[in-house]
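Working notes for the structure below.
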Amino acid sequence: MSDDEIQTLNRPQAARTATPQPLPAPAATPQPAWLGPVLLVGIVLAALNLRPAITSLGALFEETREGLGMSGTVAGLITSVPALCFAVFGVTAPRLSRRFGAAAVVCAGMAAVAAGLLIRPLATNAAGFLAASALTLAGIALTNVLLPVIVKRWFPDRVGTMTGLYSMALAAGTSLAAAATVPMTRALGGSWRTGLLVWAFLAVAAVLPWLAIAAAARKEKTAAAGVPAARHDAGPGVVRSRTAWALACYFGLQATGAYITMGWLPQIFRDAGVSASTAGILLAVTMVMGVPLAFIIPGLAGRMKNQGPIAVVLGLFGLAGYLGLYLAPAAGAWAWVLMLGVSNCAFPLVITMIGLRAKSPAGVVKLSAFAQSTGYLISIPGPLVVGVLYQHSGGWDLPLALMAGLLVPQIVLGVLAGRDRTIEDECGMRD
């Protein structure tokens with residue numbers, strides 16, 4: 001009998017029959033060198049496309065309504081569709097992300113945006129126009145939810161900086177479409193169809209890098225196919241987290257303020273005696289303020305453990321702006337729009353906090369979908385209520401009081417959402 005056989009017989013029976021230990025998980029597949037730069041380009045292009053579909057239509061809405069023979073009811077429905085679509089389609093993002101991967105879903109989202117923008121100008125009636133708009137908005141909703149997930153997944157140590165980058169791109173796209181759509185339409189012959197079609201080409205450009213990113217993510221997933229994946233649905237739901245609810249309500253109130261500003265600020269100035277062209281410029285200034293601040297605020301927030309003080313400062317700027325509109329809307333118009341522009345930068349702050357209030361990409365996708373979908377539902381009545389108050393009171397005193405009053409709970413919720421804690425710790429979700 002050989003020495004090896006003797007050693008085997010002398011070994012304890014338990015050791016001889018023990019279950020073999022699993023092999024160590026394979027090392028993570030190294031990312032290709034090109035992926036980082038392409039991700040940067042893809043994130044910026046995606047963010048640039050998140051608002052032009054809305055603000056370009058706003059600039060040509062009267063021409064579009066007349067061209068398609070829309071009734072006042074249908075026209076009102078179209079103005080309410082964005083927030084509704086963001087809420088409804090945003091809910092599906094976590095499931096789709098688990099099934100196909102966040103990069104693939106963002107790629108599909110950008111393709112839906114491009115397809116909707118290409119089809120929309122060809123519509124011959126309001127129903128077709130609304131359907132094409134819904135397709136575009138569905139793609140925007142998915143990308144809205146998943147961009148924070150992409151940042152958390154590939155840039156975990158630079159959440160604030162990367163969130164600032166795409167928030168700045170989002171603000172730039174919003175302002176660019178609002179300011180450039182009418183001049184471009186006139187330069188291209190004056191047709192509203194051409195003016196809306198132009199923005200489809202920007203969306204097509206955004207699809208290209210995401211095709212490469214999605215392919216790289218799919219290869220990485222295939223290489224790791226033998227590694228047991230963590231269950232993304234483990235543990236209690238995100239609805240049990242107080243921080244998640246604070247973020248959702250904060251998101252909803254800041255979105256309410258933004259939609260009210262975009263929809264009614266020019267009318268406030270026109271009723272105060274400001275010309276229509278100047279009122280439009282004042283609104284553009286409010287939106288342009290978001291471009292530099294959307295980069296600065298997330299970077300600052302990412303370096304702070306508690307983001308509540310930033311929420312307080314932004315809210316106070318808003319209160320000062322609304323007080324100015326109440327006391328002297330025309331005399332101090334430029335000061336008030338600057339203040340409101342600062343206040344509206346609560347959006348990049350809340351997007352940054354979504355990335356910071358969860359430990360893992362799985363947690364971020366849950367939190368992002370919940371906060372944004374719930375928040376957009378909360379924001380739907382705001383512009384309508386302001387319109388009703390304006391119509392029945394015959395002035396802006398009551399609407400401005402409401403707009404200022406909403407900032408008080410927004411500040412409180414921002415302080416609660418900014419506390420240094422995560423949803424996993426609050427409700428027992430596994431990383």
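Please note that chains go A, B, ... in the order of the structure tokens, that every chain numbers its residues from 1, and that ligands are numbered from 1 in the order shown.
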Could the residues of stretch 36-100 of chain A that have an atom at most 12 Å from stretch 214-222 of chain A be listed as JSON lines, each with its closest atom pair and the distance in Å to one decimal, counting only C-alpha atoms and ordered by chain and ascending residue number?
```
{"residue": "A:Gly36", "atom": "CA", "partner": "A:Ala216", "partner_atom": "CA", "distance": 11.1}
{"residue": "A:Val38", "atom": "CA", "partner": "A:Ala216", "partner_atom": "CA", "distance": 10.8}
{"residue": "A:Leu39", "atom": "CA", "partner": "A:Ala214", "partner_atom": "CA", "distance": 10.2}
{"residue": "A:Gly42", "atom": "CA", "partner": "A:Ala214", "partner_atom": "CA", "distance": 10.7}
{"residue": "A:Ser97", "atom": "CA", "partner": "A:Ala214", "partner_atom": "CA", "distance": 11.8}
{"residue": "A:Arg98", "atom": "CA", "partner": "A:Lys221", "partner_atom": "CA", "distance": 11.7}
{"residue": "A:Arg99", "atom": "CA", "partner": "A:Lys221", "partner_atom": "CA", "distance": 11.6}
{"residue": "A:Phe100", "atom": "CA", "partner": "A:Arg218", "partner_atom": "CA", "distance": 8.7}
```
Inset, instruction - Do a neighbour search on A:Ala330 at 8 Å with only C-alpha atoms, toss out local chain neighbours closer than 5 positions, and write the hits as a list in words. - result: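 Residues near the query, excluding close chain neighbours: Phe269, Ala272, Gly273, Val274 and Leu325 of chain A.
Atom CA of A:Leu165 to atom CA of A:Val238 spans 27.2 Å [interatomic distance, one decimal].
Between atom CA of A:Cys427 and atom CA of A:Ala246 the interatomic distance comes to 14.3 Å.
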Inset, instruction - Write out as a ChimeraX atom specification each polymer residue whose atoms come within 12 Å of A:Asp397, counting only C-alpha atoms; drop sequence neighbours fewer than 2 positions from it. - result: /A:268,322-329,386,389-395,399-404
Inset, instruction - Enter the distance from atom CA of A:Thr136 to atom CA of A:Ala112, in Å, rounded to one decimal. - result: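 Between these atoms lies a distance of 5.5 Å.
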Inset, instruction - Compare A:Ser167, A:Ser80, A:Thr161, A:Thr185 by their minimum atom-to-atom distance to A:Tyr376, counting only C-alpha atoms, and give me the closest one. - result: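 Smallest separation from A:Tyr376 among the options: A:Ser80.
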